[in-house]
Amino acid sequence: MTSHFLATAGREFSGQGLVFKCAIGKGGMVDARSKTEGDGASPVGVWEMRRVFWRPDRLSRPDTGLLAVPLRPDDGWCDDPADPLYNRPVRTSYPASHERLWRDDHVYDIIVELSHNQAPVIAGAGSAIFFHLARANYEDTEGCIALDLPAMLQVLAKSRPGTTLEICA
């Protein structure tokens with residue numbers, strides 16, 4: 001049986017006996033079919049937790065059954081709907097618009113890639129919807145779900161291939 005977690009519009013994250021406060025998108029929750037690039041909304045749906053990226057200069061490899069990949073300073077994520085690598089990892093030297101994953105703040109010290117808009121990728125339907133670390137005040141995200149570091153580590157310890165995160169309005 002795979003693990004399942006739930007994030008709600010009420011800013012509660014739960015599953016596997018855990019309950020935490022979470023940050024959600026500044027645009028609230030939106031049906032995944034209505035999600036658009038840059039709307040700041042968290043897409044409602046059930047998303048597989050694919051890979052964990054972490055900053056090896058700041059943290060040890062998280063204890064998780066998910067594939068864990070150390071971030072590199074030149075890692076990015078394409079957010080240009082017109083580009084063939086939209087919603088895919090790229091290097092920061094990539095010519096199309098992209099988000100830097102190696103950040104000065106700590107929000108992306110741990111990033112969990114979610115399966116939103118991946119099979120197939122639909123141009124403009126939202127990119128870089130991650131499960132990542134929250135700011136100290138749980139400030140709204142650009143559409144992602146975020147927890148503090150201790151909570152994230154507990155969730156990752158209970159996660160393995162097939163684990164899902166349901167975003168629920």
# chains A, B, ... in the order shown; residues from 1 in each chain; ligands from 1

$ closest_atom_pairs --of "segment 102-144 of chain A" --to "segment 44-60 of chain A" --cutoff "8 Å" --atoms "only C-alpha atoms" --output "Markdown table"
| residue | atom | partner | partner_atom | distance |
| --- | --- | --- | --- | --- |
| A:Trp102 | CA | A:Arg55 | CA | 7.6 |
| A:Tyr108 | CA | A:Trp54 | CA | 7.4 |
| A:Asp109 | CA | A:Arg55 | CA | 4.9 |
| A:Ile110 | CA | A:Trp54 | CA | 4.4 |
| A:Ile111 | CA | A:Phe53 | CA | 5.0 |
| A:Val112 | CA | A:Val52 | CA | 4.4 |
| A:Glu113 | CA | A:Arg51 | CA | 5.3 |
| A:Leu114 | CA | A:Met49 | CA | 4.9 |
| A:Ser115 | CA | A:Trp47 | CA | 5.2 |
| A:His116 | CA | A:Trp47 | CA | 6.0 |

$ write_last_selection --atoms "C-alpha atoms" --output "PDB file, in the first residue's frame"
ATOM      1  CA  TRP A 102      19.539  26.841  -6.393  1.00  0.00           C
ATOM      2  CA  TYR A 108      14.171  25.063  -2.277  1.00  0.00           C
ATOM      3  CA  ASP A 109      16.612  23.358   0.078  1.00  0.00           C
ATOM      4  CA  ILE A 110      14.244  20.407  -0.431  1.00  0.00           C
ATOM      5  CA  ILE A 111      11.974  20.164  -3.476  1.00  0.00           C
ATOM      6  CA  VAL A 112       9.650  17.270  -4.254  1.00  0.00           C
ATOM      7  CA  GLU A 113       8.686  17.079  -7.920  1.00  0.00           C
ATOM      8  CA  LEU A 114       4.952  16.453  -8.326  1.00  0.00           C
ATOM      9  CA  SER A 115       3.381  14.819 -11.384  1.00  0.00           C
ATOM     10  CA  HIS A 116       1.154  17.807 -12.201  1.00  0.00           C
TER      11      HIS A 116
END

$ select_by_dssp --residues "chain A" --states "strand (DSSP E)" --output "JSON, numbers by chain"
{"A": [4, 5, 6, 7, 8, 12, 13, 14, 15, 18, 19, 20, 21, 29, 30, 31, 42, 43, 44, 45, 46, 47, 48, 49, 50, 51, 52, 53, 54, 67, 68, 69, 70, 75, 76, 77, 78, 89, 90, 91, 98, 99, 100, 110, 111, 112, 113, 114, 130, 131, 132, 133, 145, 146, 147, 164, 165, 166, 167, 168]}

$ write_last_selection --atoms "C-alpha atoms" --output "PDB file, in the first residue's frame"
ATOM      1  CA  HIS A   4      -1.158   9.250   0.570  1.00  0.00           C
ATOM      2  CA  PHE A   5      -1.055  12.816   1.882  1.00  0.00           C
ATOM      3  CA  LEU A   6      -3.634  15.594   1.673  1.00  0.00           C
ATOM      4  CA  ALA A   7      -3.219  19.388   1.514  1.00  0.00           C
ATOM      5  CA  THR A   8      -6.384  21.474   1.902  1.00  0.00           C
ATOM      6  CA  GLU A  12      -3.764  21.699   6.648  1.00  0.00           C
ATOM      7  CA  PHE A  13      -1.453  18.915   5.505  1.00  0.00           C
ATOM      8  CA  SER A  14      -2.207  15.403   6.751  1.00  0.00           C
ATOM      9  CA  GLY A  15      -1.647  11.710   6.161  1.00  0.00           C
ATOM     10  CA  LEU A  18       0.759  13.281  10.604  1.00  0.00           C
ATOM     11  CA  VAL A  19      -0.975  16.673  10.682  1.00  0.00           C
ATOM     12  CA  PHE A  20       0.796  19.957   9.933  1.00  0.00           C
ATOM     13  CA  LYS A  21       0.126  23.534   8.919  1.00  0.00           C
ATOM     14  CA  MET A  29      -6.937  26.221  -5.179  1.00  0.00           C
ATOM     15  CA  VAL A  30      -8.047  25.732  -8.779  1.00  0.00           C
ATOM     16  CA  ASP A  31      -9.271  22.716 -10.726  1.00  0.00           C
ATOM     17  CA  SER A  42      -2.413  25.206  -6.404  1.00  0.00           C
ATOM     18  CA  PRO A  43      -3.911  22.610  -8.802  1.00  0.00           C
ATOM     19  CA  VAL A  44      -6.600  20.399  -7.270  1.00  0.00           C
ATOM     20  CA  GLY A  45      -5.928  16.739  -7.934  1.00  0.00           C
ATOM     21  CA  VAL A  46      -3.905  13.726  -6.835  1.00  0.00           C
ATOM     22  CA  TRP A  47      -0.224  14.056  -7.765  1.00  0.00           C
ATOM     23  CA  GLU A  48       2.496  11.466  -7.495  1.00  0.00           C
ATOM     24  CA  MET A  49       5.569  12.510  -5.563  1.00  0.00           C
ATOM     25  CA  ARG A  50       8.285  11.753  -8.131  1.00  0.00           C
ATOM     26  CA  ARG A  51      11.778  12.887  -7.131  1.00  0.00           C
ATOM     27  CA  VAL A  52      13.285  14.703  -4.184  1.00  0.00           C
ATOM     28  CA  PHE A  53      15.910  17.348  -4.904  1.00  0.00           C
ATOM     29  CA  TRP A  54      17.985  18.677  -2.020  1.00  0.00           C
ATOM     30  CA  LEU A  67      14.499   8.860  -5.702  1.00  0.00           C
ATOM     31  CA  ALA A  68      16.707  11.598  -4.202  1.00  0.00           C
ATOM     32  CA  VAL A  69      18.833  13.827  -6.427  1.00  0.00           C
ATOM     33  CA  PRO A  70      21.324  16.409  -5.134  1.00  0.00           C
ATOM     34  CA  ASP A  75      19.803  23.535 -11.977  1.00  0.00           C
ATOM     35  CA  GLY A  76      16.668  25.202 -13.296  1.00  0.00           C
ATOM     36  CA  TRP A  77      13.086  24.385 -14.373  1.00  0.00           C
ATOM     37  CA  CYS A  78      11.667  25.632 -17.682  1.00  0.00           C
ATOM     38  CA  PRO A  89      14.413  20.414 -15.590  1.00  0.00           C
ATOM     39  CA  VAL A  90      17.020  22.480 -17.457  1.00  0.00           C
ATOM     40  CA  ARG A  91      20.380  24.101 -16.740  1.00  0.00           C
ATOM     41  CA  HIS A  98      13.285  29.162 -16.384  1.00  0.00           C
ATOM     42  CA  GLU A  99      13.235  29.204 -12.615  1.00  0.00           C
ATOM     43  CA  ARG A 100      16.509  28.808 -10.703  1.00  0.00           C
ATOM     44  CA  ILE A 110      14.244  20.407  -0.431  1.00  0.00           C
ATOM     45  CA  ILE A 111      11.974  20.164  -3.476  1.00  0.00           C
ATOM     46  CA  VAL A 112       9.650  17.270  -4.254  1.00  0.00           C
ATOM     47  CA  GLU A 113       8.686  17.079  -7.920  1.00  0.00           C
ATOM     48  CA  LEU A 114       4.952  16.453  -8.326  1.00  0.00           C
ATOM     49  CA  PHE A 130       6.436  21.429  -6.267  1.00  0.00           C
ATOM     50  CA  PHE A 131       6.122  20.349  -2.664  1.00  0.00           C
ATOM     51  CA  HIS A 132       8.872  22.373  -0.960  1.00  0.00           C
ATOM     52  CA  LEU A 133       9.895  24.146   2.235  1.00  0.00           C
ATOM     53  CA  ILE A 145       2.462  23.225  -1.287  1.00  0.00           C
ATOM     54  CA  ALA A 146       5.034  23.928   1.438  1.00  0.00           C
ATOM     55  CA  LEU A 147       5.901  22.657   4.927  1.00  0.00           C
ATOM     56  CA  THR A 164       0.710  10.730  -3.651  1.00  0.00           C
ATOM     57  CA  LEU A 165      -0.122  14.251  -2.534  1.00  0.00           C
ATOM     58  CA  GLU A 166      -3.747  15.223  -3.000  1.00  0.00           C
ATOM     59  CA  ILE A 167      -4.456  18.927  -3.258  1.00  0.00           C
ATOM     60  CA  CYS A 168      -8.073  19.429  -2.210  1.00  0.00           C
TER      61      CYS A 168
END

$ residues_around --residues "Asp39 of chain A" --least-positions-apart "6" --cutoff "10 Å" --atoms "only C-alpha atoms" --output "PyMOL selection string"
chain A and resi 25-28+30+125-126+142-143

$ closest_residue --among "A:Asn117, A:Gln154, A:Thr141, A:Thr163" --to "Ala41 of chain A" --atoms "only C-alpha atoms"
A:Thr141

$ closest_residue --among "A:Lys35, A:Arg72, A:Arg61, A:Arg135" --to "Cys22 of chain A" --atoms "only C-alpha atoms"
A:Arg135

$ atom_distance --atom1 "atom CA of Val107 of chain A" --atom2 "atom CA of Pro120 of chain A"
27.3 Å

$ select_by_dssp --residues "chain A" --states "helix (DSSP H, G or I)" --output "ChimeraX atom specification"
/A:32-34,149-157

$ atom_distance --atom1 "atom CA of Tyr138 of chain A" --atom2 "atom CA of Pro62 of chain A"
21.4 Å

$ atom_distance --atom1 "atom CA of Pro150 of chain A" --atom2 "atom CA of Ala128 of chain A"
22.6 Å

$ closest_residue --among "A:Ser159, A:Asn87, A:Ser3, A:Gln118" --to "Glu37 of chain A" --atoms "only C-alpha atoms"
A:Asn87

$ closest_residue --among "A:Gly65, A:Tyr86, A:Thr2, A:Gly40" --to "Gly124 of chain A" --atoms "only C-alpha atoms"
A:Tyr86

$ closest_residue --among "A:Tyr94, A:Leu66, A:Asp79, A:Leu153" --to "Val121 of chain A" --atoms "only C-alpha atoms"
A:Asp79
